[in-house]
>>> print(open('input17.txt').read())   # compact mmCIF, C-alpha atoms (C1' of nucleotides)
# COMPACT_ATOMS: atom_id res chain seq x y z
CA MET A 234 104.45 77.11 96.70
CA LYS A 235 107.52 79.27 96.94
CA TYR A 236 108.39 82.59 98.49
CA TRP A 237 110.16 85.51 96.82
CA LEU A 238 111.27 89.04 97.48
CA PHE A 239 110.61 91.74 94.89
CA LYS A 240 112.38 95.08 95.05
CA SER A 241 110.75 98.29 93.93
CA GLU A 242 111.63 101.92 94.24
CA PRO A 243 108.63 103.44 96.02
CA ASP A 244 108.92 106.65 93.98
CA ASP A 245 108.38 104.42 90.99
CA PHE A 246 105.87 101.86 92.27
CA SER A 247 105.09 101.45 95.97
CA ILE A 248 103.01 98.98 98.00
CA ASP A 249 100.32 101.69 98.10
CA ASP A 250 100.38 101.91 94.31
CA LEU A 251 99.77 98.17 94.18
CA ALA A 252 96.98 98.36 96.76
CA THR A 253 95.20 101.06 94.75
CA SER A 254 95.69 99.42 91.33
CA ALA A 255 92.62 98.09 89.50
CA ASN A 256 91.74 94.75 91.12
CA GLN A 257 94.77 95.40 93.34
CA THR A 258 96.76 93.76 90.56
CA SER A 259 99.60 95.03 88.41
CA PHE A 260 101.95 93.71 85.75
CA TRP A 261 105.48 93.59 87.11
CA PHE A 262 107.74 94.75 84.29
CA GLY A 263 111.05 96.40 83.55
CA ILE A 264 113.30 93.63 84.86
CA ARG A 265 116.51 93.81 82.79
CA ASN A 266 118.76 91.40 84.61
CA TYR A 267 119.21 87.86 83.36
CA GLN A 268 119.25 86.13 86.71
CA ALA A 269 116.01 87.84 87.71
CA ARG A 270 114.61 87.13 84.25
CA ASN A 271 115.33 83.45 84.68
CA PHE A 272 113.40 83.39 87.95
CA ILE A 273 110.45 85.06 86.22
CA ARG A 274 110.50 82.87 83.17
CA ASP A 275 111.39 79.54 84.75
CA GLU A 276 110.39 79.50 88.38
CA LEU A 277 107.66 81.94 89.40
CA GLN A 278 104.31 80.18 89.75
CA PRO A 279 100.84 81.60 90.28
CA GLY A 280 100.15 81.39 94.01
CA ASP A 281 103.77 81.98 95.03
CA GLN A 282 103.97 84.73 97.62
CA ILE A 283 106.11 87.86 97.61
CA LEU A 284 107.78 90.07 100.18
CA PHE A 285 107.40 93.57 98.75
CA TYR A 286 110.59 95.55 99.39
CA HIS A 287 111.16 99.29 99.00
CA SER A 288 114.68 100.10 97.76
CA SER A 289 116.60 103.32 97.03
CA CYS A 290 114.61 105.32 99.56
CA ALA A 291 114.94 106.81 103.03
CA VAL A 292 114.18 103.57 104.88
CA PRO A 293 114.81 100.50 102.72
CA ALA A 294 112.39 97.89 104.09
CA VAL A 295 110.00 95.04 103.46
CA VAL A 296 106.65 96.83 103.55
CA GLY A 297 104.06 94.19 102.73
CA THR A 298 103.17 91.08 100.79
CA ALA A 299 101.82 90.21 97.38
CA VAL A 300 100.97 87.12 95.35
CA ILE A 301 101.88 86.00 91.86
CA LYS A 302 98.80 85.83 89.64
CA SER A 303 100.11 84.75 86.24
CA THR A 304 102.86 82.85 84.54
CA ALA A 305 105.55 84.79 82.65
CA GLN A 306 104.28 87.23 80.01
CA VAL A 307 106.38 89.07 77.44
CA ASP A 308 107.41 92.51 78.70
CA ASN A 309 106.52 94.67 75.71
CA THR A 310 108.16 97.77 77.15
CA ALA A 311 111.40 96.27 75.80
CA PHE A 312 110.11 97.04 72.28
CA ASP A 313 108.92 100.58 72.98
CA PRO A 314 111.56 103.20 72.11
CA GLN A 315 109.69 105.66 74.34
CA SER A 316 110.00 103.43 77.38
CA PRO A 317 112.86 103.78 79.86
CA TYR A 318 113.00 99.99 79.69
CA PHE A 319 113.51 99.90 75.92
CA ASP A 320 116.06 97.32 74.81
CA ALA A 321 117.20 97.91 71.24
CA LYS A 322 118.75 94.47 71.08
CA SER A 323 115.66 92.48 72.05
CA ASP A 324 113.91 90.69 69.21
CA LEU A 325 110.11 90.77 68.83
CA HIS A 326 110.17 87.20 67.58
CA LYS A 327 112.43 85.98 70.34
CA PRO A 328 111.50 87.99 73.44
CA ARG A 329 114.21 88.39 75.99
CA TRP A 330 112.35 90.05 78.87
CA PHE A 331 109.30 88.94 80.81
CA GLY A 332 107.07 89.98 83.67
CA VAL A 333 104.24 88.56 85.77
CA ASP A 334 100.99 89.83 87.23
CA ILE A 335 101.11 90.37 90.96
CA GLY A 336 98.25 91.03 93.37
CA PHE A 337 98.25 92.96 96.65
CA LEU A 338 97.99 90.84 99.79
CA SER A 339 98.91 93.03 102.75
CA LYS A 340 100.65 96.14 103.95
CA PHE A 341 102.64 95.66 107.14
CA ALA A 342 101.64 97.46 110.33
CA GLN A 343 105.37 97.99 110.75
CA PRO A 344 107.87 97.92 107.88
CA VAL A 345 110.76 95.53 108.45
CA SER A 346 113.82 97.62 107.66
CA LEU A 347 117.01 96.43 106.02
CA ARG A 348 118.78 97.78 109.09
CA PHE A 349 116.76 95.44 111.29
CA ILE A 350 117.12 92.47 108.95
CA LYS A 351 120.90 92.88 108.92
CA GLN A 352 121.12 92.52 112.69
CA ASP A 353 118.49 89.81 113.20
CA PRO A 354 120.23 86.48 113.93
CA GLN A 355 117.39 84.58 112.22
CA LEU A 356 117.71 86.46 108.95
CA GLN A 357 121.41 86.32 108.21
CA GLN A 358 120.91 83.80 105.39
CA MET A 359 118.66 86.10 103.38
CA TYR A 360 119.81 87.04 99.89
CA LEU A 361 119.21 90.62 100.91
CA VAL A 362 121.90 90.42 103.57
CA ALA A 363 124.44 88.69 101.33
CA LYS A 364 126.97 91.44 100.81
CA GLY A 365 126.53 93.45 97.70
CA ASN A 366 123.52 91.56 96.46
CA ARG A 367 121.54 93.61 93.99
CA LEU A 368 119.14 91.06 92.56
CA SER A 369 115.69 92.58 92.13
CA ILE A 370 113.91 89.22 92.45
CA GLN A 371 115.19 86.86 95.12
CA PRO A 372 114.11 83.53 96.57
CA VAL A 373 113.07 83.61 100.24
CA ALA A 374 113.18 80.59 102.56
CA ASP A 375 110.06 79.46 104.43
CA ASP A 376 111.44 80.39 107.85
CA GLU A 377 112.58 83.79 106.58
CA TRP A 378 109.08 84.44 105.26
CA GLN A 379 107.51 83.48 108.60
CA ARG A 380 109.92 85.67 110.53
CA ILE A 381 109.51 88.77 108.35
CA VAL A 382 105.72 88.50 108.24
CA ALA A 383 105.59 88.10 112.04
CA LEU A 384 107.80 91.17 112.50
CA GLY A 385 105.73 93.20 110.06
CA ALA A 386 102.50 92.33 111.85
CA LYS A 387 103.79 93.74 115.14
CA GLN A 388 102.22 96.91 116.40
CA GLN A 389 104.33 100.02 116.55
CA PRO A 390 105.81 100.48 120.02
CA ALA A 391 103.72 102.91 122.06
C1' DG B 283 126.69 112.54 95.87
C1' DC B 284 129.88 108.81 96.87
C1' DC B 285 131.38 104.48 96.05
C1' DA B 286 131.49 99.26 96.55
C1' DA B 287 129.91 95.44 94.34
C1' DC B 288 128.33 93.48 90.55
C1' DG B 289 126.75 92.79 85.67
C1' DT B 290 127.54 93.60 80.78
C1' DT B 291 130.13 94.67 76.69
C1' DG B 292 133.48 94.22 73.39
C1' DG B 293 138.36 93.95 71.79
C1' DC B 294 141.68 90.63 71.31
C1' DG C 162 137.19 82.64 76.51
C1' DC C 163 139.68 86.31 79.03
C1' DC C 164 139.50 90.52 81.11
C1' DA C 165 139.55 95.64 81.17
C1' DA C 166 136.47 99.23 80.79
C1' DC C 167 132.23 100.79 81.51
C1' DG C 168 127.40 100.98 83.37
C1' DT C 169 124.05 100.14 87.10
C1' DT C 170 122.27 99.28 91.65
C1' DG C 171 121.38 100.77 95.95
C1' DG C 172 122.87 101.68 100.79
C1' DC C 173 124.73 105.23 103.24
>>> encode(input="input17.txt", output="structure tokens")
Amino acid sequence: MKYWLFKSEPDDFSIDDLATSANQTSFWFGIRNYQARNFIRDELQPGDQILFYHSSCAVPAVVGTAVIKSTAQVDNTAFDPQSPYFDAKSDLHKPRWFGVDIGFLSKFAQPVSLRFIKQDPQLQQMYLVAKGNRLSIQPVADDEWQRIVALGAKQQPA
DNA sequence: GCCAACGTTGGC
DNA sequence: GCCAACGTTGGC
């Protein structure tokens, strides 16, 4: 079982949107980056767990956890000219883009902000901290997972 | 809104 | 296959 970090813009799809989805499950689609695609297609396994990260917002942060519930499925939005994720060059008979089903696991009592992660000595190896990293799906090490989840479970200071 | 850091495209 | 130009991401 592996750990991952998924980025999402909360205006687009937040941890609350996942929590209130039917069966608290949603298809994760719209990934149009080959490195992320390769993770989806070749490495993500049902049961793998996810740090759910909010990007491009006031407080970029890990806000909860989720779990992978399917193997890679073709992302049909690539074939829909109406979709913002339409890819004119993708071939129906040789799909280029994939997604997976993910299920809600938890919402943190306290989001773990990028600002905090950047200054935590235990988290300096995270992909997220690697300068300029923009990957929307990233592997997370076991100890990084444990640390983030422990931080997220902490109560807000009084 | 700015801009650094990447990723992708396409001419050669 | 190189690399310049262009596009995108995402923090600030």
>>> closest_atom_pairs(input="input17.txt", of="chain C", to="chain A", cutoff="10 Å", atoms="only C-alpha atoms (C1' of nucleotides)", output="tab-separated table")
residue	atom	partner	partner_atom	distance
C:DT169	C1'	A:Arg367	CA	9.8
C:DT170	C1'	A:Arg367	CA	6.2
C:DG171	C1'	A:Ser289	CA	5.5
C:DG172	C1'	A:Ser289	CA	7.5
C:DC173	C1'	A:Ala291	CA	9.9
>>> atom_distance(input="input17.txt", atom1="CA of Phe239 (chain A)", atom2="C1' of DA286 (chain B)")
22.3 Å
>>> residues_near_point(input="input17.txt", point="(95.4, 95.6, 93.0)", cutoff="12 Å", atoms="all atoms listed in the file", output="list in words")
Ser247, Ile248, Asp249, Asp250, Leu251, Ala252, Thr253, Ser254, Ala255, Asn256, Gln257, Thr258, Ser259, Phe260, Trp261, Thr298, Ala299, Val300, Ile301, Lys302, Asp334, Ile335, Gly336, Phe337, Leu338 and Ser339 of chain A
>>> closest_residue(input="input17.txt", among="A:Gly280, A:Pro372, A:Pro317, A:Gly385", to="Thr304 (chain A)", atoms="all atoms listed in the file")
A:Gly280
>>> atom_distance(input="input17.txt", atom1="CA of Asp320 (chain A)", atom2="CA of Ile264 (chain A)")
11.1 Å
>>> atom_distance(input="input17.txt", atom1="CA of Gln355 (chain A)", atom2="CA of Ala342 (chain A)")
20.4 Å
>>> closest_residue(input="input17.txt", among="A:Gln282, A:Phe331, A:Ile370, A:Arg265", to="Ser241 (chain A)", atoms="all atoms listed in the file")
A:Ile370
>>> residues_near_point(input="input17.txt", point="(108.2, 93.0, 104.5)", cutoff="6 Å", atoms="only C-alpha atoms (C1' of nucleotides)", output="ChimeraX atom specification")
/A:284-285,295-297,344-345,381
>>> residues_around(input="input17.txt", residues="Thr310 (chain A)", least_positions_apart="6", cutoff="8 Å", atoms="only C-alpha atoms (C1' of nucleotides)", output="list in words")
Phe262, Gly263, Ser316, Tyr318 and Phe319 of chain A
>>> closest_residue(input="input17.txt", among="A:Gln371, A:Ser323, A:Gln379, A:Gln358", to="Asn309 (chain A)", atoms="only C-alpha atoms")
A:Ser323
>>> closest_residue(input="input17.txt", among="A:Phe246, A:Leu277, A:Tyr286, A:His326", to="Phe341 (chain A)", atoms="all atoms listed in the file")
A:Tyr286
>>> decode(input="input17.txt", residues="region 242-373 of chain A", atoms="C-alpha atoms", output="PDB file, in the first residue's frame")
ATOM      1  CA  GLU A 242      -8.354  23.698  -6.465  1.00  0.00           C
ATOM      2  CA  PRO A 243     -11.060  23.969  -3.801  1.00  0.00           C
ATOM      3  CA  ASP A 244     -13.129  26.299  -5.994  1.00  0.00           C
ATOM      4  CA  ASP A 245     -13.197  23.424  -8.430  1.00  0.00           C
ATOM      5  CA  PHE A 246     -13.444  20.384  -6.160  1.00  0.00           C
ATOM      6  CA  SER A 247     -12.809  20.575  -2.412  1.00  0.00           C
ATOM      7  CA  ILE A 248     -12.564  18.005   0.381  1.00  0.00           C
ATOM      8  CA  ASP A 249     -16.126  19.004   1.303  1.00  0.00           C
ATOM      9  CA  ASP A 250     -17.270  18.280  -2.248  1.00  0.00           C
ATOM     10  CA  LEU A 251     -15.768  14.813  -1.910  1.00  0.00           C
ATOM     11  CA  ALA A 252     -17.360  14.269   1.504  1.00  0.00           C
ATOM     12  CA  THR A 253     -20.796  15.171   0.126  1.00  0.00           C
ATOM     13  CA  SER A 254     -20.489  13.185  -3.124  1.00  0.00           C
ATOM     14  CA  ALA A 255     -22.715  10.138  -3.603  1.00  0.00           C
ATOM     15  CA  ASN A 256     -21.159   7.308  -1.571  1.00  0.00           C
ATOM     16  CA  GLN A 257     -18.483   9.864  -0.674  1.00  0.00           C
ATOM     17  CA  THR A 258     -16.800   8.756  -3.880  1.00  0.00           C
ATOM     18  CA  SER A 259     -15.829  10.661  -7.005  1.00  0.00           C
ATOM     19  CA  PHE A 260     -13.997  10.028 -10.255  1.00  0.00           C
ATOM     20  CA  TRP A 261     -10.742  11.963 -10.290  1.00  0.00           C
ATOM     21  CA  PHE A 262     -10.370  13.329 -13.813  1.00  0.00           C
ATOM     22  CA  GLY A 263      -8.833  16.130 -15.825  1.00  0.00           C
ATOM     23  CA  ILE A 264      -5.188  15.212 -15.269  1.00  0.00           C
ATOM     24  CA  ARG A 265      -3.317  16.397 -18.385  1.00  0.00           C
ATOM     25  CA  ASN A 266       0.277  15.912 -17.375  1.00  0.00           C
ATOM     26  CA  TYR A 267       2.193  12.845 -18.490  1.00  0.00           C
ATOM     27  CA  GLN A 268       4.100  12.241 -15.284  1.00  0.00           C
ATOM     28  CA  ALA A 269       0.882  12.357 -13.265  1.00  0.00           C
ATOM     29  CA  ARG A 270      -0.819  10.232 -15.919  1.00  0.00           C
ATOM     30  CA  ASN A 271       1.861   7.592 -15.560  1.00  0.00           C
ATOM     31  CA  PHE A 272       1.278   7.426 -11.812  1.00  0.00           C
ATOM     32  CA  ILE A 273      -2.457   6.976 -12.430  1.00  0.00           C
ATOM     33  CA  ARG A 274      -2.089   4.400 -15.141  1.00  0.00           C
ATOM     34  CA  ASP A 275       0.852   2.420 -13.797  1.00  0.00           C
ATOM     35  CA  GLU A 276       1.099   2.811 -10.054  1.00  0.00           C
ATOM     36  CA  LEU A 277      -2.092   3.794  -8.256  1.00  0.00           C
ATOM     37  CA  GLN A 278      -3.705   0.787  -6.583  1.00  0.00           C
ATOM     38  CA  PRO A 279      -7.085   0.442  -4.899  1.00  0.00           C
ATOM     39  CA  GLY A 280      -6.469   0.856  -1.175  1.00  0.00           C
ATOM     40  CA  ASP A 281      -3.633   3.351  -1.600  1.00  0.00           C
ATOM     41  CA  GLN A 282      -4.221   6.403   0.561  1.00  0.00           C
ATOM     42  CA  ILE A 283      -4.215  10.054  -0.430  1.00  0.00           C
ATOM     43  CA  LEU A 284      -3.358  13.353   1.197  1.00  0.00           C
ATOM     44  CA  PHE A 285      -5.951  15.762  -0.204  1.00  0.00           C
ATOM     45  CA  TYR A 286      -4.299  19.119  -0.917  1.00  0.00           C
ATOM     46  CA  HIS A 287      -5.969  22.439  -1.722  1.00  0.00           C
ATOM     47  CA  SER A 288      -3.959  24.509  -4.214  1.00  0.00           C
ATOM     48  CA  SER A 289      -4.377  27.959  -5.798  1.00  0.00           C
ATOM     49  CA  CYS A 290      -6.323  29.307  -2.843  1.00  0.00           C
ATOM     50  CA  ALA A 291      -5.893  31.579   0.158  1.00  0.00           C
ATOM     51  CA  VAL A 292      -4.225  28.951   2.354  1.00  0.00           C
ATOM     52  CA  PRO A 293      -2.683  26.138   0.313  1.00  0.00           C
ATOM     53  CA  ALA A 294      -2.809  23.121   2.634  1.00  0.00           C
ATOM     54  CA  VAL A 295      -3.360  19.418   3.107  1.00  0.00           C
ATOM     55  CA  VAL A 296      -6.953  19.325   4.323  1.00  0.00           C
ATOM     56  CA  GLY A 297      -7.821  15.657   4.683  1.00  0.00           C
ATOM     57  CA  THR A 298      -7.392  12.130   3.403  1.00  0.00           C
ATOM     58  CA  ALA A 299      -8.950   9.907   0.788  1.00  0.00           C
ATOM     59  CA  VAL A 300      -8.529   6.398  -0.585  1.00  0.00           C
ATOM     60  CA  ILE A 301      -8.182   5.032  -4.088  1.00  0.00           C
ATOM     61  CA  LYS A 302     -11.157   2.851  -4.997  1.00  0.00           C
ATOM     62  CA  SER A 303     -10.494   1.732  -8.564  1.00  0.00           C
ATOM     63  CA  THR A 304      -7.762   1.039 -11.044  1.00  0.00           C
ATOM     64  CA  ALA A 305      -7.203   3.498 -13.910  1.00  0.00           C
ATOM     65  CA  GLN A 306     -10.264   4.281 -16.038  1.00  0.00           C
ATOM     66  CA  VAL A 307     -10.312   6.197 -19.310  1.00  0.00           C
ATOM     67  CA  ASP A 308     -10.992   9.897 -18.738  1.00  0.00           C
ATOM     68  CA  ASN A 309     -13.698  10.542 -21.309  1.00  0.00           C
ATOM     69  CA  THR A 310     -13.668  14.301 -20.778  1.00  0.00           C
ATOM     70  CA  ALA A 311     -10.662  14.261 -23.135  1.00  0.00           C
ATOM     71  CA  PHE A 312     -13.091  13.410 -25.964  1.00  0.00           C
ATOM     72  CA  ASP A 313     -15.742  15.991 -25.097  1.00  0.00           C
ATOM     73  CA  PRO A 314     -15.303  19.246 -27.043  1.00  0.00           C
ATOM     74  CA  GLN A 315     -17.494  20.966 -24.434  1.00  0.00           C
ATOM     75  CA  SER A 316     -15.189  19.993 -21.591  1.00  0.00           C
ATOM     76  CA  PRO A 317     -12.413  22.286 -20.366  1.00  0.00           C
ATOM     77  CA  TYR A 318     -10.303  19.123 -20.345  1.00  0.00           C
ATOM     78  CA  PHE A 319     -10.914  18.362 -24.022  1.00  0.00           C
ATOM     79  CA  ASP A 320      -7.803  17.151 -25.832  1.00  0.00           C
ATOM     80  CA  ALA A 321      -8.215  17.310 -29.600  1.00  0.00           C
ATOM     81  CA  LYS A 322      -5.180  15.127 -30.109  1.00  0.00           C
ATOM     82  CA  SER A 323      -6.287  12.212 -27.946  1.00  0.00           C
ATOM     83  CA  ASP A 324      -7.512   9.151 -29.823  1.00  0.00           C
ATOM     84  CA  LEU A 325     -10.677   7.293 -28.775  1.00  0.00           C
ATOM     85  CA  HIS A 326      -9.055   4.016 -29.734  1.00  0.00           C
ATOM     86  CA  LYS A 327      -5.835   4.765 -27.935  1.00  0.00           C
ATOM     87  CA  PRO A 328      -6.785   6.767 -24.846  1.00  0.00           C
ATOM     88  CA  ARG A 329      -4.130   9.046 -23.503  1.00  0.00           C
ATOM     89  CA  TRP A 330      -5.695  10.262 -20.253  1.00  0.00           C
ATOM     90  CA  PHE A 331      -6.972   8.339 -17.254  1.00  0.00           C
ATOM     91  CA  GLY A 332      -8.511   8.845 -13.846  1.00  0.00           C
ATOM     92  CA  VAL A 333      -9.397   6.803 -10.766  1.00  0.00           C
ATOM     93  CA  ASP A 334     -12.257   6.673  -8.290  1.00  0.00           C
ATOM     94  CA  ILE A 335     -11.409   8.103  -4.910  1.00  0.00           C
ATOM     95  CA  GLY A 336     -13.352   7.881  -1.657  1.00  0.00           C
ATOM     96  CA  PHE A 337     -13.478  10.312   1.260  1.00  0.00           C
ATOM     97  CA  LEU A 338     -11.656   9.190   4.401  1.00  0.00           C
ATOM     98  CA  SER A 339     -11.280  12.205   6.677  1.00  0.00           C
ATOM     99  CA  LYS A 340     -11.235  15.957   6.947  1.00  0.00           C
ATOM    100  CA  PHE A 341      -8.495  17.303   9.202  1.00  0.00           C
ATOM    101  CA  ALA A 342      -9.372  19.126  12.420  1.00  0.00           C
ATOM    102  CA  GLN A 343      -6.578  21.472  11.393  1.00  0.00           C
ATOM    103  CA  PRO A 344      -5.357  21.911   7.811  1.00  0.00           C
ATOM    104  CA  VAL A 345      -1.614  21.434   7.429  1.00  0.00           C
ATOM    105  CA  SER A 346      -0.531  24.466   5.437  1.00  0.00           C
ATOM    106  CA  LEU A 347       2.187  24.603   2.805  1.00  0.00           C
ATOM    107  CA  ARG A 348       3.723  27.345   4.915  1.00  0.00           C
ATOM    108  CA  PHE A 349       4.000  24.959   7.848  1.00  0.00           C
ATOM    109  CA  ILE A 350       5.229  22.058   5.723  1.00  0.00           C
ATOM    110  CA  LYS A 351       8.004  24.214   4.283  1.00  0.00           C
ATOM    111  CA  GLN A 352       9.423  24.949   7.714  1.00  0.00           C
ATOM    112  CA  ASP A 353       8.938  21.537   9.325  1.00  0.00           C
ATOM    113  CA  PRO A 354      12.318  19.762   9.573  1.00  0.00           C
ATOM    114  CA  GLN A 355      10.616  16.367   9.152  1.00  0.00           C
ATOM    115  CA  LEU A 356       8.934  17.292   5.888  1.00  0.00           C
ATOM    116  CA  GLN A 357      11.744  18.773   3.836  1.00  0.00           C
ATOM    117  CA  GLN A 358      11.908  15.720   1.566  1.00  0.00           C
ATOM    118  CA  MET A 359       8.320  16.067   0.393  1.00  0.00           C
ATOM    119  CA  TYR A 360       7.745  16.541  -3.327  1.00  0.00           C
ATOM    120  CA  LEU A 361       5.628  19.514  -2.385  1.00  0.00           C
ATOM    121  CA  VAL A 362       8.623  21.302  -0.903  1.00  0.00           C
ATOM    122  CA  ALA A 363      10.937  20.518  -3.806  1.00  0.00           C
ATOM    123  CA  LYS A 364      11.330  23.922  -5.390  1.00  0.00           C
ATOM    124  CA  GLY A 365       9.021  24.624  -8.235  1.00  0.00           C
ATOM    125  CA  ASN A 366       7.303  21.278  -8.158  1.00  0.00           C
ATOM    126  CA  ARG A 367       3.928  21.433  -9.848  1.00  0.00           C
ATOM    127  CA  LEU A 368       2.992  17.781 -10.129  1.00  0.00           C
ATOM    128  CA  SER A 369      -0.688  17.285  -9.342  1.00  0.00           C
ATOM    129  CA  ILE A 370      -0.196  13.687  -8.183  1.00  0.00           C
ATOM    130  CA  GLN A 371       2.838  12.980  -6.037  1.00  0.00           C
ATOM    131  CA  PRO A 372       4.181  10.027  -4.086  1.00  0.00           C
ATOM    132  CA  VAL A 373       4.346  10.500  -0.302  1.00  0.00           C
TER     133      VAL A 373
END
